[in-house]
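Here's entry_21.txt, which has compact mmCIF, C-alpha atoms and all ligand atoms:
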# COMPACT_ATOMS: atom_id res chain seq x y z
CA MET E 1 3.96 -22.28 12.61
CA LEU E 2 4.55 -18.53 12.92
CA THR E 3 5.32 -17.12 16.37
CA PHE E 4 4.84 -13.43 17.11
CA SER E 5 6.89 -12.14 20.06
CA PHE E 6 5.75 -8.70 21.18
CA LEU E 7 8.20 -6.79 23.38
CA THR E 8 6.22 -4.13 25.18
CA LEU E 9 5.68 -2.21 28.39
CA PHE E 10 1.94 -2.90 28.09
CA PRO E 11 1.39 -6.59 27.26
CA GLU E 12 -2.18 -6.29 28.55
CA LEU E 13 -2.99 -4.08 25.52
CA LEU E 14 -2.04 -6.85 23.12
CA ALA E 15 -3.59 -9.75 25.05
CA PRO E 16 -7.16 -9.20 23.68
CA PHE E 17 -5.83 -9.33 20.10
CA ALA E 18 -3.85 -12.47 20.87
CA ASN E 19 -6.94 -14.14 22.36
CA GLU E 20 -9.56 -12.84 19.91
CA ALA E 21 -11.85 -15.49 18.39
CA ILE E 22 -10.03 -16.32 15.12
CA ILE E 23 -6.48 -15.80 16.41
CA GLY E 24 -7.32 -17.60 19.69
CA LYS E 25 -8.62 -20.62 17.73
CA ALA E 26 -5.63 -20.55 15.37
CA ARG E 27 -3.35 -20.63 18.42
CA GLU E 28 -5.27 -23.59 19.87
CA ARG E 29 -4.88 -25.38 16.54
CA GLY E 30 -1.12 -24.71 16.50
CA LEU E 31 -1.24 -22.49 13.39
CA LEU E 32 0.39 -19.55 15.11
CA ASP E 33 1.56 -18.48 18.54
CA VAL E 34 1.79 -15.20 20.41
CA ASN E 35 4.43 -14.51 23.03
CA LEU E 36 4.00 -11.35 25.15
CA VAL E 37 7.28 -10.13 26.64
CA GLN E 38 7.34 -7.47 29.37
CA LEU E 39 10.28 -5.15 28.69
CA ARG E 40 10.47 -4.20 32.40
CA ASP E 41 11.60 -7.76 33.16
CA PHE E 42 14.87 -6.83 31.45
CA SER E 43 15.57 -3.67 33.41
CA ASP E 44 18.80 -3.78 35.45
CA ASN E 45 17.50 -1.75 38.38
CA ARG E 46 15.23 -2.65 41.22
CA HIS E 47 12.60 -0.10 40.21
CA HIS E 48 12.21 -1.89 36.86
CA LYS E 49 12.93 1.37 35.09
CA VAL E 50 13.53 0.95 31.36
CA ASP E 51 13.86 4.57 30.21
CA ASP E 52 16.01 7.60 30.80
CA THR E 53 16.25 11.27 29.85
CA PRO E 54 17.48 12.14 26.35
CA TYR E 55 21.08 13.24 25.83
CA GLY E 56 21.08 16.80 24.59
CA GLY E 57 17.98 17.62 26.59
CA GLY E 58 14.39 17.97 25.51
CA ALA E 59 11.04 16.62 26.55
CA GLY E 60 10.15 13.00 27.24
CA MET E 61 11.95 9.81 28.06
CA VAL E 62 13.81 7.35 25.83
CA ILE E 63 13.77 3.54 26.18
CA ARG E 64 17.27 2.18 26.78
CA VAL E 65 18.99 0.10 24.11
CA ASP E 66 20.47 -2.32 26.65
CA VAL E 67 16.96 -3.20 27.88
CA ALA E 68 15.85 -3.89 24.30
CA GLU E 69 18.99 -5.94 23.68
CA ARG E 70 18.53 -8.15 26.78
CA ALA E 71 14.83 -8.69 25.98
CA LEU E 72 15.67 -9.75 22.42
CA ALA E 73 18.48 -12.03 23.61
CA SER E 74 15.98 -13.89 25.82
CA LEU E 75 14.03 -15.04 22.75
CA PRO E 76 14.68 -17.95 20.41
CA PRO E 77 16.27 -16.64 17.17
CA ALA E 78 13.83 -14.52 15.13
CA ASP E 79 13.68 -14.32 11.31
CA GLU E 80 12.78 -10.66 11.62
CA ILE E 81 13.19 -8.18 14.45
CA ILE E 82 10.83 -5.31 13.73
CA LEU E 83 10.92 -1.89 15.33
CA LEU E 84 7.56 -0.12 15.20
CA THR E 85 8.17 3.56 14.56
CA PRO E 86 6.54 6.40 12.61
CA ALA E 87 9.89 6.70 10.82
CA GLY E 88 9.70 3.14 9.45
CA GLN E 89 8.91 1.63 6.05
CA PRO E 90 5.14 1.85 5.40
CA PHE E 91 3.41 -1.37 6.45
CA THR E 92 1.52 -2.64 3.38
CA GLN E 93 -0.23 -5.80 2.24
CA ALA E 94 2.94 -6.76 0.35
CA VAL E 95 4.95 -6.53 3.59
CA ALA E 96 2.26 -8.55 5.41
CA GLU E 97 2.52 -11.25 2.71
CA GLU E 98 6.29 -11.33 3.10
CA LEU E 99 6.09 -11.60 6.90
CA ALA E 100 3.52 -14.41 6.65
CA GLN E 101 6.29 -16.61 5.15
CA LYS E 102 8.43 -16.39 8.33
CA GLN E 103 8.62 -18.60 11.42
CA HIS E 104 9.34 -16.10 14.17
CA LEU E 105 8.73 -12.35 14.21
CA ALA E 106 9.88 -10.20 17.16
CA LEU E 107 8.21 -6.78 17.34
CA LEU E 108 9.51 -3.95 19.51
CA CYS E 109 6.76 -1.60 20.70
CA GLY E 110 7.98 1.83 21.77
CA ARG E 111 6.49 4.30 24.26
CA TYR E 112 7.40 7.83 25.35
CA GLU E 113 9.91 9.27 22.82
CA GLY E 114 10.62 5.79 21.49
CA PHE E 115 13.78 3.65 21.70
CA ASP E 116 17.37 4.88 21.86
CA ALA E 117 18.47 5.26 18.20
CA ARG E 118 21.09 2.53 18.68
CA THR E 119 18.20 0.03 18.84
CA GLU E 120 18.00 0.43 15.04
CA GLY E 121 21.21 -1.60 14.86
CA LEU E 122 19.47 -4.56 16.53
CA VAL E 123 16.56 -4.85 14.10
CA THR E 124 16.04 -6.22 10.59
CA ARG E 125 13.42 -3.63 9.66
CA GLU E 126 11.42 -0.68 10.89
CA LEU E 127 7.71 -0.45 10.16
CA SER E 128 5.24 2.42 10.33
CA ILE E 129 1.48 1.92 10.09
CA GLY E 130 0.87 5.45 8.78
CA ASP E 131 1.85 9.08 8.80
CA PHE E 132 0.62 9.85 12.29
CA VAL E 133 2.09 9.49 15.76
CA MET E 134 0.46 7.28 18.38
CA MET E 135 1.34 7.05 22.05
CA GLY E 136 2.80 3.58 21.72
CA GLY E 137 3.67 0.77 19.34
CA GLU E 138 1.10 -1.71 20.68
CA ALA E 139 -1.70 -0.65 18.31
CA ALA E 140 0.79 -0.84 15.41
CA ALA E 141 1.87 -4.32 16.53
CA ALA E 142 -1.79 -5.39 16.72
CA CYS E 143 -2.21 -4.20 13.10
CA VAL E 144 0.72 -6.37 12.02
CA LEU E 145 -0.70 -9.37 13.91
CA GLU E 146 -4.17 -8.91 12.39
CA ALA E 147 -2.88 -8.46 8.84
CA VAL E 148 -0.32 -11.28 8.89
CA ALA E 149 -2.31 -13.88 10.86
CA ARG E 150 -5.20 -13.95 8.37
CA LEU E 151 -2.78 -14.82 5.56
CA LEU E 152 -1.51 -17.95 7.31
CA PRO E 153 -2.82 -21.21 5.82
CA GLY E 154 -5.81 -22.56 7.76
CA VAL E 155 -6.47 -19.43 9.85
CA LEU E 156 -9.46 -18.22 7.82
CA GLY E 157 -12.33 -20.65 7.20
CA ASP E 158 -12.31 -20.01 3.44
CA PRO E 159 -8.73 -19.93 2.12
CA ASN E 160 -9.92 -17.85 -0.85
CA SER E 161 -11.46 -15.12 1.25
CA HIS E 162 -8.42 -12.87 1.25
CA ARG E 163 -7.58 -13.26 -2.44
CA ALA E 164 -9.89 -10.46 -3.64
CA ASP E 165 -9.33 -8.22 -0.62
CA SER E 166 -8.25 -4.67 -1.17
CA PHE E 167 -4.54 -4.57 -2.10
CA SER E 168 -4.13 -8.38 -2.52
CA SER E 169 -4.94 -8.03 -6.22
CA GLY E 170 -3.30 -4.61 -6.42
CA LEU E 171 -6.77 -3.02 -6.55
CA LEU E 172 -9.28 -1.91 -3.95
CA ASP E 173 -11.96 -4.51 -3.24
CA TYR E 174 -15.30 -4.44 -5.11
CA PRO E 175 -18.43 -3.46 -3.13
CA GLU E 176 -20.30 -6.27 -1.35
CA TYR E 177 -24.03 -6.51 -0.55
CA THR E 178 -26.23 -8.75 1.59
CA ARG E 179 -29.90 -8.86 2.62
CA PRO E 180 -32.21 -6.96 2.55
CA PRO E 181 -32.38 -6.69 -1.25
CA GLU E 182 -33.94 -3.22 -0.90
CA TRP E 183 -33.03 -0.80 1.90
CA GLN E 184 -34.31 2.75 2.19
CA GLY E 185 -34.95 2.82 -1.53
CA VAL E 186 -31.47 1.55 -2.45
CA GLY E 187 -31.40 -1.82 -4.16
CA VAL E 188 -28.71 -4.42 -4.71
CA PRO E 189 -27.26 -4.36 -8.26
CA GLU E 190 -29.35 -6.71 -10.39
CA VAL E 191 -26.31 -8.59 -11.75
CA LEU E 192 -25.52 -9.94 -8.25
CA ARG E 193 -28.95 -11.53 -8.02
CA GLY E 194 -29.02 -13.05 -11.48
CA GLY E 195 -26.94 -16.18 -10.76
CA ASN E 196 -24.63 -15.66 -13.77
CA HIS E 197 -21.17 -16.24 -12.25
CA GLY E 198 -19.32 -14.93 -15.30
CA ALA E 199 -21.34 -11.71 -15.29
CA VAL E 200 -20.81 -11.32 -11.51
CA ALA E 201 -17.03 -11.75 -11.87
CA ALA E 202 -16.90 -9.21 -14.74
CA TRP E 203 -19.03 -6.71 -12.77
CA ARG E 204 -16.84 -7.09 -9.67
CA ARG E 205 -13.63 -6.54 -11.62
CA GLU E 206 -15.13 -3.46 -13.25
CA GLN E 207 -16.22 -2.12 -9.84
CA ALA E 208 -12.77 -2.77 -8.35
CA LEU E 209 -11.21 -0.81 -11.21
CA THR E 210 -13.77 2.01 -10.91
CA ARG E 211 -13.21 2.35 -7.15
CA THR E 212 -9.44 2.18 -7.44
CA LEU E 213 -9.42 4.80 -10.21
CA ALA E 214 -11.66 7.14 -8.20
CA ARG E 215 -10.05 6.68 -4.77
CA ARG E 216 -6.46 5.48 -5.14
CA SER E 217 -5.45 5.76 -8.79
CA GLU E 218 -1.74 5.47 -7.85
CA LEU E 219 -2.37 1.79 -6.98
CA LEU E 220 -3.06 1.04 -10.65
CA ALA E 221 0.66 1.30 -11.37
CA GLY E 222 1.26 -1.82 -9.23
CA ALA E 223 -1.82 -3.80 -10.34
CA GLU E 224 -1.74 -6.60 -12.88
CA LEU E 225 -4.02 -5.22 -15.54
CA THR E 226 -5.55 -7.35 -18.28
CA PRO E 227 -6.48 -6.22 -21.82
CA GLN E 228 -10.12 -6.26 -20.68
CA ASP E 229 -9.19 -3.95 -17.75
CA THR E 230 -7.64 -1.56 -20.27
CA LEU E 231 -10.91 -1.51 -22.17
CA THR E 232 -12.81 -0.82 -18.93
CA LEU E 233 -10.43 1.99 -17.97
CA LEU E 234 -10.77 3.58 -21.43
CA GLY E 235 -14.53 3.41 -20.93
CA LEU E 236 -14.07 5.19 -17.59
CA GLY E 237 -12.39 8.09 -19.36
CA VAL E 238 -8.72 7.25 -18.82
CA THR E 239 -6.55 8.52 -21.67
CA PRO E 240 -4.11 6.23 -23.54
CA GLU E 241 -1.27 8.31 -21.99
CA GLY E 242 -2.62 7.56 -18.51
CA LEU E 243 -2.77 3.86 -19.33
CA GLN E 244 0.86 3.95 -20.45
CA LEU E 245 1.88 5.26 -17.01
CA TRP E 246 0.35 2.16 -15.41
CA ASN E 247 1.84 -0.24 -17.99
CA ALA E 248 -1.62 -1.31 -19.03
CA PRO E 249 -1.60 -3.85 -21.88
CA PRO E 250 -3.32 -2.97 -25.18
CA PRO E 251 -7.08 -3.52 -25.16
CA PRO E 252 -8.40 -6.72 -26.77
CA PRO E 253 -9.05 -6.44 -30.52
CA PRO E 254 -12.62 -5.37 -31.19
CA LYS E 255 -14.90 -8.35 -31.59
CA ARG E 256 -15.77 -8.82 -35.25
CA ALA E 257 -19.49 -8.64 -35.90
CA ARG E 258 -20.68 -12.11 -36.84
CA ARG E 259 -21.47 -12.11 -40.56
CA LYS E 260 -24.97 -13.18 -41.34
CA LYS E 261 -25.06 -16.30 -43.43
CA LYS E 262 -26.26 -15.44 -46.87
CA SER E 263 -29.44 -17.23 -47.51
CA VAL E 264 -29.05 -19.25 -50.67
CA PRO E 265 -32.06 -18.77 -52.88
CA GLU E 266 -33.82 -22.03 -53.33
CA VAL E 267 -33.50 -23.28 -56.83
CA GLU E 268 -36.73 -24.57 -58.08
CA SER E 269 -36.28 -27.96 -59.42
CA GLY E 270 -38.08 -29.57 -62.23
C1 LIG Q 301 5.07 8.88 20.81
S1 LIG Q 301 5.76 7.68 19.76
C2 LIG Q 301 7.37 8.28 19.48
C3 LIG Q 301 7.42 9.16 18.31
C4 LIG Q 301 8.81 9.61 17.94
N1 LIG Q 301 9.28 10.62 18.80
C5 LIG Q 301 8.76 10.15 16.51
O1 LIG Q 301 8.32 11.27 16.33
O2 LIG Q 301 9.07 9.38 15.57
C6 LIG Q 301 6.01 6.29 20.79
C7 LIG Q 301 6.01 4.96 20.10
O3 LIG Q 301 4.78 4.73 19.46
C8 LIG Q 301 4.96 3.90 18.34
N2 LIG Q 301 4.34 4.54 17.17
C9 LIG Q 301 3.74 5.74 17.15
N3 LIG Q 301 3.25 6.02 15.94
C10 LIG Q 301 3.54 4.95 15.15
C11 LIG Q 301 3.31 4.64 13.79
N4 LIG Q 301 2.70 5.49 12.98
N5 LIG Q 301 3.72 3.45 13.31
C12 LIG Q 301 4.37 2.58 14.11
N6 LIG Q 301 4.63 2.83 15.43
C13 LIG Q 301 4.22 4.00 15.95
C14 LIG Q 301 6.44 3.66 18.17
O4 LIG Q 301 6.77 2.38 18.71
C15 LIG Q 301 7.04 4.77 19.02
O5 LIG Q 301 8.29 4.41 19.56
Any chance you could put this one into structure tokens?
Amino acid sequence: MLTFSFLTLFPELLAPFANEAIIGKARERGLLDVNLVQLRDFSDNRHHKVDDTPYGGGAGMVIRVDVAERALASLPPADEIILLTPAGQPFTQAVAEELAQKQHLALLCGRYEGFDARTEGLVTRELSIGDFVMMGGEAAAACVLEAVARLLPGVLGDPNSHRADSFSSGLLDYPEYTRPPEWQGVGVPEVLRGGNHGAVAAWRREQALTRTLARRSELLAGAELTPQDTLTLLGLGVTPEGLQLWNAPPPPPPKRARRKKKSVPEVESG
């Protein structure tokens, strides 16, 4: 079971995520647990103050390292202690997959100007959820919870449902459709309604490649491309030099046209 311990000044912001339908059920079933820790409980003054003014001057307040240290020491040992900060390693699907293998993750959510820089010495990694600055780390922590929890065995109804997700395969996901079959003059691609599973799988792969090429071509460098993918990408106008950059394998050899059997002239007998 994976336990998430969130150390925060605003546990009430994370509670709805911890109790949300799928995560709430997974907690009831003992697949994961969420532990909300109020940083103020580890203040050493009677006003429960956890921050102070920055040395050197400047705007804002800084969360004290000793408060972070006492809060962390109150927890059972964690496999990873994660500081959420815009200066951290980008949080990606690959990181989520790595974290889903752990037993206990402790996540430090900052506020104000963030934690005293010495807090970096207490953590195993720093994560950022993007190149923007939010008011606090709680929304970032909720992103980590949402992304990691759905990878845990048994949490999602269909264990295969995250396999084709964007990034899991190294590509963006293919487009999905549901009823109605026709909406405001836009129909559902015929292949999806034909019942040919092989054709559907081929179409989806082609769409995933098309979308990734158009929207996030840099992802192709990390995707596992097949010879058939190479053929598709060539068809989409990618040059052989471009394919080389993404380590794409050579395309499959062209299918040889089936030779027609020569009809043997009937020999008249007699
Ligand atoms: C206002 S921010 C502090 C920003 C800090 N002065 C800086 O520029 O790096 C307060 C807290 O929000 C959280 N935070 C803000 N943006 C984030 C992001 N992109 N990823 C992860 N955490 C973030 C961090 O926990 C941070 O300590």
Would you tabulate, counting all atoms listed in the file, all residues of chain E that have an atom at most 8 Å from an atom of ligand LIG 301 (chain Q), showing the closest pair of atoms and their distance in Å to one decimal, sorted by chain then ascending number, as CSV?
residue,atom,partner,partner_atom,distance
E:Leu83,CA,Q:LIG301,O4,6.8
E:Leu84,CA,Q:LIG301,N6,4.2
E:Thr85,CA,Q:LIG301,N6,3.7
E:Pro86,CA,Q:LIG301,C11,3.9
E:Ala87,CA,Q:LIG301,O2,5.5
E:Gly88,CA,Q:LIG301,C12,7.1
E:Leu108,CA,Q:LIG301,O4,6.9
E:Cys109,CA,Q:LIG301,O4,4.4
E:Gly110,CA,Q:LIG301,O4,3.3
E:Arg111,CA,Q:LIG301,C6,4.0
E:Tyr112,CA,Q:LIG301,C6,5.0
E:Glu113,CA,Q:LIG301,N1,4.3
E:Gly114,CA,Q:LIG301,O5,3.3
E:Phe115,CA,Q:LIG301,O5,5.9
E:Leu127,CA,Q:LIG301,C12,6.0
E:Ser128,CA,Q:LIG301,N5,3.5
E:Ile129,CA,Q:LIG301,N5,4.2
E:Gly130,CA,Q:LIG301,N4,4.6
E:Asp131,CA,Q:LIG301,N4,5.6
E:Phe132,CA,Q:LIG301,N4,4.9
E:Val133,CA,Q:LIG301,N3,3.7
E:Met134,CA,Q:LIG301,C9,3.8
E:Met135,CA,Q:LIG301,C1,4.3
E:Gly136,CA,Q:LIG301,O3,3.2
E:Gly137,CA,Q:LIG301,C8,3.5
E:Glu138,CA,Q:LIG301,C8,7.2
E:Ala139,CA,Q:LIG301,N6,7.8
E:Ala140,CA,Q:LIG301,C12,5.1
E:Ala141,CA,Q:LIG301,C12,7.7
Practice task
Tell me, as a PyMOL selection string, which residues lie within 12 Å of Glu218 (chain E), counting only C-alpha atoms; anything in the same chain fewer than 4 positions away does not count.
Solution key: chain E and resi 167+170-172+209+211-214+222-223+242-243+245-246
Problem - Non-local contacts of region 30-45 of chain E (10 Å; all atoms listed in the file; under 2 positions in same chain excluded) as a ChimeraX atom specification - result: /E:1-12,14-15,17-19,23-28,47-51,63-64,66-72,74-75,103-109,145,149,152-155
Exercise for the section: State, in Å with one decimal place, the distance from CA of Thr226 (chain E) to CA of Ser166 (chain E). Expected result: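 Separation of CA of Thr226 (chain E) and CA of Ser166 (chain E): 17.5 Å.
Closest to Ser169 (chain E) among E:Gln93, E:Asn196, E:Thr124, E:Thr53 is E:Gln93, based on only C-alpha atoms.
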Handout entry: Atomic separation - CA of Pro249 (chain E) relative to CA of Leu233 (chain E), Å
Key =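 That distance, rounded to one decimal, is 11.3 Å.
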